[in-house]
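Listing of input.cif, mmCIF, C-alpha atoms
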data_coords
loop_
_atom_site.group_PDB
_atom_site.id
_atom_site.type_symbol
_atom_site.label_atom_id
_atom_site.label_comp_id
_atom_site.auth_asym_id
_atom_site.auth_seq_id
_atom_site.Cartn_x
_atom_site.Cartn_y
_atom_site.Cartn_z
ATOM 1 C CA MET A 1 123.656 109.713 142.293
ATOM 2 C CA THR A 2 121.318 107.308 140.423
ATOM 3 C CA GLY A 3 120.968 103.834 141.943
ATOM 4 C CA CYS A 4 120.015 100.713 140.039
ATOM 5 C CA PRO A 5 116.585 99.384 141.082
ATOM 6 C CA ALA A 6 116.260 95.615 140.558
ATOM 7 C CA TYR A 7 113.221 95.906 138.250
ATOM 8 C CA ILE A 8 115.129 98.266 135.944
ATOM 9 C CA SER A 9 118.225 96.076 135.876
ATOM 10 C CA THR A 10 116.028 93.026 135.132
ATOM 11 C CA MET A 11 114.322 94.738 132.189
ATOM 12 C CA LEU A 12 117.562 96.059 130.699
ATOM 13 C CA ASN A 13 119.205 92.634 130.984
ATOM 14 C CA ARG A 14 116.177 91.002 129.348
ATOM 15 C CA LEU A 15 115.963 93.459 126.436
ATOM 16 C CA LEU A 16 119.576 94.104 125.543
ATOM 17 C CA PRO A 17 120.354 90.638 124.127
ATOM 18 C CA LEU A 18 117.227 91.009 121.962
ATOM 19 C CA VAL A 19 117.458 94.592 120.712
ATOM 20 C CA GLY A 20 121.260 94.691 120.367
ATOM 21 C CA PRO A 21 121.308 92.316 117.348
ATOM 22 C CA MET A 22 118.259 94.096 115.858
ATOM 23 C CA ALA A 23 119.990 97.466 116.084
ATOM 24 C CA ARG A 24 123.193 96.096 114.547
ATOM 25 C CA GLN A 25 121.187 94.495 111.731
ATOM 26 C CA LEU A 26 119.377 97.782 111.074
ATOM 27 C CA ASP A 27 122.429 100.004 111.591
ATOM 28 C CA PHE A 28 121.251 102.311 114.389
ATOM 29 C CA ASP A 29 121.883 102.960 118.093
ATOM 30 C CA GLU A 30 120.440 100.124 120.215
ATOM 31 C CA ASN A 31 119.188 102.739 122.700
ATOM 32 C CA PHE A 32 116.558 103.925 120.160
ATOM 33 C CA LEU A 33 114.950 100.491 120.267
ATOM 34 C CA LEU A 34 115.507 100.059 123.981
ATOM 35 C CA ALA A 35 113.718 103.370 124.642
ATOM 36 C CA LEU A 36 110.902 102.480 122.253
ATOM 37 C CA SER A 37 110.379 99.081 123.868
ATOM 38 C CA ILE A 38 110.430 100.400 127.425
ATOM 39 C CA ARG A 39 108.003 103.187 126.479
ATOM 40 C CA GLU A 40 105.624 100.620 124.959
ATOM 41 C CA HIS A 41 106.133 97.770 127.416
ATOM 42 C CA GLY A 42 106.819 99.715 130.601
ATOM 43 C CA TRP A 43 109.608 98.845 133.011
ATOM 44 C CA GLN A 44 107.362 96.111 134.375
ATOM 45 C CA ASP A 45 104.106 95.013 132.731
ATOM 46 C CA THR A 46 102.681 91.594 133.519
ATOM 47 C CA HIS A 47 100.080 91.816 130.728
ATOM 48 C CA ASN A 48 102.639 92.509 127.995
ATOM 49 C CA ASP A 49 104.990 89.937 129.573
ATOM 50 C CA LYS A 50 102.361 87.238 129.129
ATOM 51 C CA LEU A 51 101.927 88.305 125.501
ATOM 52 C CA HIS A 52 105.684 88.694 124.840
ATOM 53 C CA ASN A 53 104.633 92.040 123.408
ATOM 54 C CA LEU A 54 107.792 94.147 123.651
ATOM 55 C CA PHE A 55 106.747 96.950 121.300
ATOM 56 C CA GLY A 56 103.076 97.631 122.039
ATOM 57 C CA THR A 57 101.857 96.306 118.683
ATOM 58 C CA THR A 58 98.098 95.885 118.316
ATOM 59 C CA HIS A 59 95.315 93.900 116.667
ATOM 60 C CA ALA A 60 92.511 95.668 114.850
ATOM 61 C CA GLY A 61 90.244 96.816 117.666
ATOM 62 C CA GLY A 62 93.146 97.891 119.807
ATOM 63 C CA ASN A 63 94.072 94.798 121.828
ATOM 64 C CA ASN A 64 97.779 94.140 122.124
ATOM 65 C CA LEU A 65 99.143 91.332 119.949
ATOM 66 C CA GLY A 66 100.455 88.119 121.488
ATOM 67 C CA TYR A 67 103.678 86.409 120.371
ATOM 68 C CA ALA A 68 105.061 82.937 121.084
ATOM 69 C CA SER A 69 108.292 84.423 122.418
ATOM 70 C CA ASP A 70 110.217 87.678 122.900
ATOM 71 C CA GLN A 71 112.314 86.714 119.878
ATOM 72 C CA GLU A 72 109.205 86.358 117.709
ATOM 73 C CA ALA A 73 108.113 89.860 118.738
ATOM 74 C CA CYS A 74 111.521 91.171 117.665
ATOM 75 C CA THR A 75 111.455 89.346 114.327
ATOM 76 C CA SER A 76 107.996 90.738 113.613
ATOM 77 C CA TRP A 77 109.135 94.291 114.486
ATOM 78 C CA VAL A 78 112.060 94.037 112.067
ATOM 79 C CA GLN A 79 109.729 92.783 109.335
ATOM 80 C CA HIS A 80 107.253 95.647 109.836
ATOM 81 C CA TYR A 81 109.484 98.560 110.787
ATOM 82 C CA GLY A 82 113.060 97.591 109.942
ATOM 83 C CA GLY A 83 112.954 98.982 106.427
ATOM 84 C CA VAL A 84 111.823 102.460 107.366
ATOM 85 C CA THR A 85 114.107 102.841 110.415
ATOM 86 C CA ARG A 86 117.284 101.333 108.930
ATOM 87 C CA GLY A 87 120.224 103.703 109.251
ATOM 88 C CA SER A 88 118.535 106.208 111.623
ATOM 89 C CA ARG A 89 121.239 108.501 112.970
ATOM 90 C CA ASP A 90 119.450 110.093 115.951
ATOM 91 C CA MET A 91 116.320 109.639 118.058
ATOM 92 C CA ASP A 92 114.509 112.498 116.276
ATOM 93 C CA GLY A 93 115.079 110.852 112.910
ATOM 94 C CA PHE A 94 114.116 107.417 114.240
ATOM 95 C CA LEU A 95 110.785 108.792 115.557
ATOM 96 C CA ARG A 96 110.158 110.816 112.394
ATOM 97 C CA ARG A 97 110.655 107.739 110.203
ATOM 98 C CA LEU A 98 108.265 105.692 112.356
ATOM 99 C CA ARG A 99 105.689 108.480 112.204
ATOM 100 C CA SER A 100 105.924 108.554 108.411
ATOM 101 C CA ILE A 101 104.254 105.127 108.323
ATOM 102 C CA GLY A 102 101.692 105.876 111.046
ATOM 103 C CA TYR A 103 103.452 104.326 114.068
ATOM 104 C CA ASN A 104 102.065 107.130 116.223
ATOM 105 C CA THR A 105 99.822 110.160 115.965
ATOM 106 C CA LYS A 106 101.324 113.649 116.021
ATOM 107 C CA SER A 107 100.773 113.816 119.757
ATOM 108 C CA PRO A 108 102.410 116.946 121.192
ATOM 109 C CA ALA A 109 103.986 114.853 123.965
ATOM 110 C CA TYR A 110 105.208 111.873 121.944
ATOM 111 C CA ASP A 111 108.631 113.068 120.855
ATOM 112 C CA SER A 112 109.660 114.754 124.103
ATOM 113 C CA ASP A 113 108.471 111.790 126.164
ATOM 114 C CA SER A 114 110.290 109.319 123.890
ATOM 115 C CA LYS A 115 113.506 111.337 124.116
ATOM 116 C CA ASP A 116 113.154 111.520 127.909
ATOM 117 C CA VAL A 117 112.803 107.712 127.952
ATOM 118 C CA TYR A 118 115.958 107.496 125.816
ATOM 119 C CA ASP A 119 117.825 109.657 128.361
ATOM 120 C CA THR A 120 116.448 107.514 131.216
ATOM 121 C CA VAL A 121 117.622 104.326 129.470
ATOM 122 C CA VAL A 122 121.126 105.716 128.931
ATOM 123 C CA LYS A 123 121.297 106.864 132.571
ATOM 124 C CA TYR A 124 120.246 103.486 133.978
ATOM 125 C CA LYS A 125 122.429 101.453 131.626
ATOM 126 C CA LYS A 126 125.349 103.325 133.164
ATOM 127 C CA ALA A 127 124.031 103.087 136.739
ATOM 128 C CA CYS A 128 123.333 99.356 136.361
ATOM 129 C CA GLY A 129 126.568 98.613 134.511
ATOM 130 C CA VAL A 130 124.607 97.069 131.640
ATOM 131 C CA GLY A 131 125.541 97.172 127.962
ATOM 132 C CA MET B 1 90.656 145.341 88.745
ATOM 133 C CA THR B 2 87.090 144.663 87.501
ATOM 134 C CA LEU B 3 84.435 143.181 89.792
ATOM 135 C CA GLY B 4 84.575 139.933 87.816
ATOM 136 C CA ALA B 5 88.326 139.735 88.237
ATOM 137 C CA MET B 6 88.000 140.510 91.955
ATOM 138 C CA LEU B 7 85.393 137.753 92.393
ATOM 139 C CA ALA B 8 87.581 135.318 90.469
ATOM 140 C CA PHE B 9 90.548 136.278 92.697
ATOM 141 C CA ALA B 10 88.475 135.876 95.863
ATOM 142 C CA ALA B 11 87.191 132.488 94.679
ATOM 143 C CA ALA B 12 90.721 131.366 93.882
ATOM 144 C CA LEU B 13 91.950 132.557 97.298
ATOM 145 C CA GLY B 14 89.086 130.756 99.057
ATOM 146 C CA GLY B 15 89.822 127.642 97.060
ATOM 147 C CA ALA B 16 93.489 127.807 97.983
ATOM 148 C CA ARG B 17 92.597 128.196 101.664
ATOM 149 C CA ALA B 18 90.229 125.243 101.522
ATOM 150 C CA GLN B 19 92.875 123.220 99.743
ATOM 151 C CA GLY B 20 95.438 124.280 102.389
ATOM 152 C CA ALA B 21 93.184 123.218 105.282
ATOM 153 C CA SER B 22 92.514 119.921 103.603
ATOM 154 C CA ALA B 23 96.219 119.365 102.940
ATOM 155 C CA TRP B 24 96.997 120.073 106.608
ATOM 156 C CA THR B 25 94.312 117.639 107.766
ATOM 157 C CA ALA B 26 95.496 115.043 105.271
ATOM 158 C CA GLU B 27 99.044 115.375 106.569
ATOM 159 C CA GLN B 28 97.915 115.019 110.199
ATOM 160 C CA THR B 29 95.758 111.982 109.514
ATOM 161 C CA ASP B 30 97.970 110.157 107.021
ATOM 162 C CA HIS B 31 97.984 106.408 107.883
ATOM 163 C CA LEU B 32 95.496 106.944 110.749
ATOM 164 C CA VAL B 33 92.023 105.439 111.183
ATOM 165 C CA LYS B 34 88.881 107.493 111.788
ATOM 166 C CA VAL B 35 87.051 106.907 115.076
ATOM 167 C CA GLU B 36 83.292 107.426 115.374
ATOM 168 C CA GLY B 37 81.240 107.933 118.536
ATOM 169 C CA GLN B 38 83.473 106.585 121.253
ATOM 170 C CA TYR B 39 87.166 105.740 121.669
ATOM 171 C CA SER B 40 88.198 103.049 124.115
ATOM 172 C CA ASN B 41 91.693 101.976 125.158
ATOM 173 C CA ARG B 42 91.637 98.823 127.276
ATOM 174 C CA HIS B 43 95.391 98.537 127.589
ATOM 175 C CA TYR B 44 95.862 101.896 129.310
ATOM 176 C CA GLY B 45 92.353 101.915 130.743
ATOM 177 C CA PHE B 46 90.413 104.928 129.501
ATOM 178 C CA ARG B 47 87.578 105.785 127.160
ATOM 179 C CA LEU B 48 85.894 108.942 125.902
ATOM 180 C CA SER B 49 82.966 110.106 123.847
ATOM 181 C CA ILE B 50 83.818 111.972 120.656
ATOM 182 C CA PRO B 51 81.861 115.261 120.575
ATOM 183 C CA ALA B 52 79.454 115.578 117.636
ATOM 184 C CA GLY B 53 80.914 117.277 114.588
ATOM 185 C CA VAL B 54 84.552 116.629 115.544
ATOM 186 C CA SER B 55 86.691 114.218 113.541
ATOM 187 C CA ALA B 56 88.790 111.827 115.591
ATOM 188 C CA TRP B 57 91.704 109.642 114.549
ATOM 189 C CA ARG B 58 93.797 106.805 115.998
ATOM 190 C CA THR B 59 96.692 104.686 114.770
ATOM 191 C CA ALA B 60 96.009 101.634 112.607
ATOM 192 C CA PRO B 61 97.082 98.139 113.674
ATOM 193 C CA PRO B 62 99.678 96.745 114.144
ATOM 194 C CA ASN B 63 100.958 100.138 115.343
ATOM 195 C CA PRO B 64 100.809 100.893 119.075
ATOM 196 C CA ASP B 65 97.611 102.583 120.264
ATOM 197 C CA HIS B 66 98.103 105.352 122.803
ATOM 198 C CA GLY B 67 95.014 107.450 122.216
ATOM 199 C CA VAL B 68 93.039 109.583 119.836
ATOM 200 C CA MET B 69 93.561 112.900 118.066
ATOM 201 C CA LEU B 70 90.573 115.201 117.580
ATOM 202 C CA ILE B 71 90.801 117.767 114.789
ATOM 203 C CA LEU B 72 88.912 120.994 115.512
ATOM 204 C CA GLY B 73 90.311 122.966 112.574
ATOM 205 C CA GLU B 74 93.601 123.806 110.946
ATOM 206 C CA HIS B 75 96.324 123.833 113.630
ATOM 207 C CA ARG B 76 93.639 123.205 116.291
ATOM 208 C CA THR B 77 93.640 119.758 117.896
ATOM 209 C CA ILE B 78 92.833 117.916 121.092
ATOM 210 C CA ASP B 79 95.162 114.999 121.703
ATOM 211 C CA VAL B 80 94.040 112.432 124.283
ATOM 212 C CA SER B 81 96.728 109.882 125.117
ATOM 213 C CA ALA B 82 98.247 107.578 127.697
ATOM 214 C CA ALA B 83 101.658 105.934 128.002
ATOM 215 C CA TYR B 84 103.699 104.169 130.628
ATOM 216 C CA ASP B 85 105.746 106.494 132.784
ATOM 217 C CA ALA B 86 108.901 105.037 131.255
ATOM 218 C CA ALA B 87 110.746 108.343 131.696
ATOM 219 C CA LEU B 88 110.023 107.999 135.425
ATOM 220 C CA TYR B 89 108.538 111.480 135.952
ATOM 221 C CA GLY B 90 107.041 110.023 139.112
ATOM 222 C CA SER B 91 104.189 112.477 139.796
ATOM 223 C CA THR B 92 101.456 114.532 138.139
ATOM 224 C CA ALA B 93 103.349 117.744 138.970
ATOM 225 C CA ALA B 94 106.582 116.513 137.322
ATOM 226 C CA LEU B 95 104.667 115.286 134.264
ATOM 227 C CA MET B 96 103.005 118.691 133.959
ATOM 228 C CA ASP B 97 106.335 120.512 134.429
ATOM 229 C CA ARG B 98 107.649 118.608 131.398
ATOM 230 C CA ARG B 99 104.605 119.383 129.257
ATOM 231 C CA VAL B 100 104.648 123.072 130.192
ATOM 232 C CA ARG B 101 108.332 123.234 129.210
ATOM 233 C CA ASP B 102 107.379 121.728 125.823
ATOM 234 C CA ALA B 103 104.582 124.236 125.335
ATOM 235 C CA GLY B 104 107.068 127.009 124.726
ATOM 236 C CA GLY B 105 107.378 129.378 127.623
ATOM 237 C CA GLY B 106 104.217 131.505 127.383
ATOM 238 C CA PRO B 107 102.461 132.659 130.557
ATOM 239 C CA VAL B 108 101.143 129.681 132.539
ATOM 240 C CA LYS B 109 98.206 129.232 134.896
ATOM 241 C CA ARG B 110 97.947 125.904 136.741
ATOM 242 C CA PHE B 111 94.934 124.417 138.527
ATOM 243 C CA THR B 112 93.956 121.208 140.308
ATOM 244 C CA VAL B 113 91.170 119.426 138.382
ATOM 245 C CA GLN B 114 89.672 115.956 137.924
ATOM 246 C CA LEU B 115 90.257 113.624 134.984
ATOM 247 C CA GLY B 116 88.056 110.549 134.839
ATOM 248 C CA GLY B 117 87.056 111.125 138.446
ATOM 249 C CA ALA B 118 90.638 111.208 139.764
ATOM 250 C CA PRO B 119 92.896 114.133 140.708
ATOM 251 C CA ALA B 120 94.785 115.773 137.852
ATOM 252 C CA GLU B 121 96.383 119.090 137.011
ATOM 253 C CA GLU B 122 95.424 121.584 134.308
ATOM 254 C CA ALA B 123 97.728 124.207 132.832
ATOM 255 C CA VAL B 124 96.779 126.965 130.433
ATOM 256 C CA VAL B 125 99.775 128.201 128.470
ATOM 257 C CA GLY B 126 99.368 131.468 126.553
ATOM 258 C CA GLY B 127 101.091 132.563 123.364
ATOM 259 C CA ALA B 128 100.519 132.463 119.613
ATOM 260 C CA ALA B 129 99.431 128.790 119.820
ATOM 261 C CA PRO B 130 97.800 128.583 123.248
ATOM 262 C CA GLU B 131 97.723 125.175 124.893
ATOM 263 C CA THR B 132 95.573 123.739 127.627
ATOM 264 C CA VAL B 133 97.111 120.628 129.166
ATOM 265 C CA VAL B 134 95.415 118.220 131.562
ATOM 266 C CA ALA B 135 97.911 115.775 133.075
ATOM 267 C CA GLN B 136 97.540 112.857 135.427
ATOM 268 C CA TRP B 137 100.120 110.367 136.729
ATOM 269 C CA ARG B 138 98.661 107.152 138.183
ATOM 270 C CA ALA B 139 100.530 104.232 139.759
ATOM 271 C CA VAL B 140 99.499 100.833 138.379
ATOM 272 C CA THR B 141 101.918 98.724 140.414
ATOM 273 C CA PRO B 142 104.742 99.814 142.743
ATOM 274 C CA GLU B 143 107.079 99.768 139.722
ATOM 275 C CA ASN B 144 104.789 100.924 136.927
ATOM 276 C CA ALA B 145 102.670 104.019 136.362
ATOM 277 C CA ILE B 146 100.696 105.500 133.475
ATOM 278 C CA ASN B 147 100.782 109.111 132.299
ATOM 279 C CA TYR B 148 97.416 110.361 131.031
ATOM 280 C CA LEU B 149 97.364 113.551 128.948
ATOM 281 C CA VAL B 150 94.710 115.661 127.265
ATOM 282 C CA VAL B 151 96.226 118.534 125.257
ATOM 283 C CA LEU B 152 94.313 121.255 123.420
ATOM 284 C CA VAL B 153 96.368 123.257 120.918
ATOM 285 C CA THR B 154 94.434 126.164 119.451
ATOM 286 C CA THR B 155 94.661 129.778 118.282
ATOM 287 C CA PRO B 156 93.936 132.915 120.356
ATOM 288 C CA ALA B 157 90.843 133.586 118.209
ATOM 289 C CA GLU B 158 89.376 130.100 118.744
ATOM 290 C CA GLN B 159 90.579 129.500 122.298
ATOM 291 C CA LYS B 160 87.198 130.082 123.939
ATOM 292 C CA ALA B 161 85.180 127.960 121.493
ATOM 293 C CA ASP B 162 87.758 125.184 121.524
ATOM 294 C CA GLY B 163 87.830 125.337 125.313
ATOM 295 C CA ALA B 164 84.132 124.396 125.260
ATOM 296 C CA VAL B 165 84.932 121.334 123.121
ATOM 297 C CA LEU B 166 87.713 120.427 125.549
ATOM 298 C CA ALA B 167 85.231 120.673 128.429
ATOM 299 C CA ALA B 168 82.918 118.262 126.579
ATOM 300 C CA VAL B 169 85.804 115.835 126.004
ATOM 301 C CA LEU B 170 86.767 115.936 129.683
ATOM 302 C CA ALA B 171 83.149 115.397 130.715
ATOM 303 C CA GLY B 172 82.989 112.283 128.530
ATOM 304 C CA TYR B 173 86.347 110.865 129.724
ATOM 305 C CA HIS B 174 86.323 107.801 131.989
ATOM 306 C CA HIS B 175 88.935 105.518 133.466
ATOM 307 C CA MET B 176 88.681 101.712 133.308
ATOM 308 C CA ALA B 177 90.975 99.158 134.896
ATOM 309 C CA PRO B 178 94.075 98.872 132.665
ATOM 310 C CA GLU B 179 94.735 95.375 131.252
ATOM 311 C CA ARG B 180 96.827 93.280 133.645
#

Would you write out, as structure tokens, the structure that this file holds?
Amino acid sequence: MTGCPAYISTMLNRLLPLVGPMARQLDFDENFLLALSIREHGWQDTHNDKLHNLFGTTHAGGNNLGYASDQEACTSWVQHYGGVTRGSRDMDGFLRRLRSIGYNTKSPAYDSDSKDVYDTVVKYKKACGVG
Amino acid sequence: MTLGAMLAFAAALGGARAQGASAWTAEQTDHLVKVEGQYSNRHYGFRLSIPAGVSAWRTAPPNPDHGVMLILGEHRTIDVSAAYDAALYGSTAALMDRRVRDAGGGPVKRFTVQLGGAPAEEAVVGGAAPETVVAQWRAVTPENAINYLVVLVTTPAEQKADGAVLAAVLAGYHHMAPER
């Protein structure tokens, strides 16, 4: 049986109030965005926490972008990626749409890893009684 | 068919092949940025030298940057990447199990190797599109780890030559402290 580690519960409770409204606005499963954010941010990342960088977005030169708040990071994501992902019906389609605008390279591991993160998110939302 | 017609046919076929290879490369590199000389990723803490004569590509900002894709030829790539262990594989062996499952069930040989001076695992997966995978799971904090992967996808005919390029990539791969 899966337990609910405190660091996982903390991250889910932090992200859900942010990504839930985004997913409703863009008409897709909130777990797509939850999985994407946790893959980019990690379950616990002090560097990205300081930057409020929930989605791994970067400056030219590769450094991660900094935002004034978590909400600002979400607003920026919707502005950049909301149009292409709107209405995604499954994780495969969500990833394919992001790839179509260069969100990631065609890394052999990207899709399977992202879908495994999705499954992990769903499992821990249930185990932690979140969402 | 006359000799002239045969030469014209051969030229057209060669042209189509060249166009096909270029179309494949264009599709792979669409929206990406070319990398020259060296690739460095401070967030995940690794860098590598790009072997001479190999084109290398990364994502453009503001997209996330997980690594670099080296194109050796049509359907022949080396992908060097890192990501948080958000799926909670929890070990190098479990990470490699997942990658081997992805690689499609050909015969597998697994070895212990070094990546950036730290223990890693290498798997060679046979088949029509042979893969060589080097995987490494490293803990960053008690609750966070990074998965490092180097994946060569090649053809049986080019496997040996591409293996030499992979060896050069691994020799030029170094870890740095990830940003914290």

With distances taken over all atoms listed in the file, which of B:Ala23, B:Val100, B:Leu70, B:Ala86 is nearest to chain A?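 The shortest atom-to-atom distance to chain A comes from B:Ala86.
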
Taking 3 positions as the minimum chain separation for residues in the same chain, which residues sit within 9 Å of A:Lys50 when counting all atoms listed in the file? Answer as a PyMOL selection string. chain A and resi 45-47+53+66-67

Please identify every residue of chain A that has at least one atom no farther than 6 Å from an atom of chain B, counting only C-alpha atoms, and for each give the shortest atom pair and the distance in Å to one decimal, arranged by chain then increasing number, as a Markdown table.
| residue | atom | partner | partner_atom | distance |
| --- | --- | --- | --- | --- |
| A:Arg39 | CA | B:Ala86 | CA | 5.2 |
| A:Gly42 | CA | B:Tyr84 | CA | 5.4 |
| A:His47 | CA | B:Arg180 | CA | 4.6 |
| A:Gly56 | CA | B:Pro64 | CA | 5.0 |
| A:Thr57 | CA | B:Pro64 | CA | 4.7 |
| A:Thr58 | CA | B:Pro62 | CA | 4.5 |
| A:His59 | CA | B:Pro61 | CA | 5.5 |
| A:Ala60 | CA | B:Pro61 | CA | 5.3 |
| A:Gly102 | CA | B:His31 | CA | 4.9 |
| A:Tyr103 | CA | B:Asn63 | CA | 5.0 |
| A:Asp116 | CA | B:Ala87 | CA | 5.5 |
| A:Val117 | CA | B:Ala87 | CA | 4.3 |
| A:Thr120 | CA | B:Ala87 | CA | 5.8 |

Stretch 71-78 of chain A environment, 10 Å, only C-alpha atoms, sequence neighbours closer than 2 positions dropped, as an MDAnalysis selection string: (chainID A and resid 17:19 21:23 25:26 51:57 65:69 80:86) or (chainID B and resid 62)

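Among the candidate residues B:Gly45, B:Pro156, B:Pro107, B:Pro51, the one lying nearest to B:Arg138 is B:Gly45, with distances computed using only C-alpha atoms.
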
Give me the residues within 9 Å of B:Thr132 as a list in words, counting all atoms listed in the file and dropping any in the same chain fewer than 2 places off. Glu122, Ala123, Val124, Val125, Gly126, Pro130, Val134, Val150, Val151, Leu152, Val153, Thr154, Gly163 and Leu166 of chain B

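The coordinates place atom CA of B:Val54 at 10.9 Å from atom CA of B:Asp162.
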
Once the PyMOL selection byres ((chain B and resi 170) around 9) has been applied to the shown file, what residues remain in the selection, as a ChimeraX atom specification? /B:48,114-116,150,165-169,171-174

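Atom CA of B:Gly90 to atom CA of B:Tyr148 spans 12.6 Å [interatomic distance, one decimal].
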
Stretch 34-43 of chain B, all listed atoms, 8 Å padding on each side: what axis-aligned box centre and edge lengths in Å to one decimal come out, as AutoDock Vina command-line options?
--center_x 88.3 --center_y 103.2 --center_z 119.7 --size_x 30.2 --size_y 25.4 --size_z 31.8

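For the atom pair formed by atom CA of B:Tyr39 and atom CA of B:Asn147, the distance is 17.6 Å, given to one decimal.
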
Return the single residue from A:Ile38, A:Gln44, A:Arg24, A:Tyr110 that is closest to A:Tyr7, with distances computed using only C-alpha atoms.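 Distance minimum relative to A:Tyr7 lands on A:Gln44.
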
Evaluate the PyMOL selection byres ((chain A and resi 92) around 12) and report residues as a ChimeraX atom specification: /A:32,85,88-91,93-99,110-116,118

Keeping C-alpha atoms, export the residues of the selection given above as a compact mmCIF listing (two decimals), keeping the file's coordinate frame.
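Result file again07.txt:
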# COMPACT_ATOMS: atom_id res chain seq x y z
CA PHE A 32 116.56 103.92 120.16
CA THR A 85 114.11 102.84 110.42
CA SER A 88 118.54 106.21 111.62
CA ARG A 89 121.24 108.50 112.97
CA ASP A 90 119.45 110.09 115.95
CA MET A 91 116.32 109.64 118.06
CA GLY A 93 115.08 110.85 112.91
CA PHE A 94 114.12 107.42 114.24
CA LEU A 95 110.78 108.79 115.56
CA ARG A 96 110.16 110.82 112.39
CA ARG A 97 110.66 107.74 110.20
CA LEU A 98 108.26 105.69 112.36
CA ARG A 99 105.69 108.48 112.20
CA TYR A 110 105.21 111.87 121.94
CA ASP A 111 108.63 113.07 120.86
CA SER A 112 109.66 114.75 124.10
CA ASP A 113 108.47 111.79 126.16
CA SER A 114 110.29 109.32 123.89
CA LYS A 115 113.51 111.34 124.12
CA ASP A 116 113.15 111.52 127.91
CA TYR A 118 115.96 107.50 125.82

With only C-alpha atoms as the basis for distance, which of B:Asp97, B:Glu36, B:Glu131, B:Glu121 is at the shortest distance from B:Ala56?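 Ranked by minimum distance to B:Ala56, first place goes to B:Glu36.
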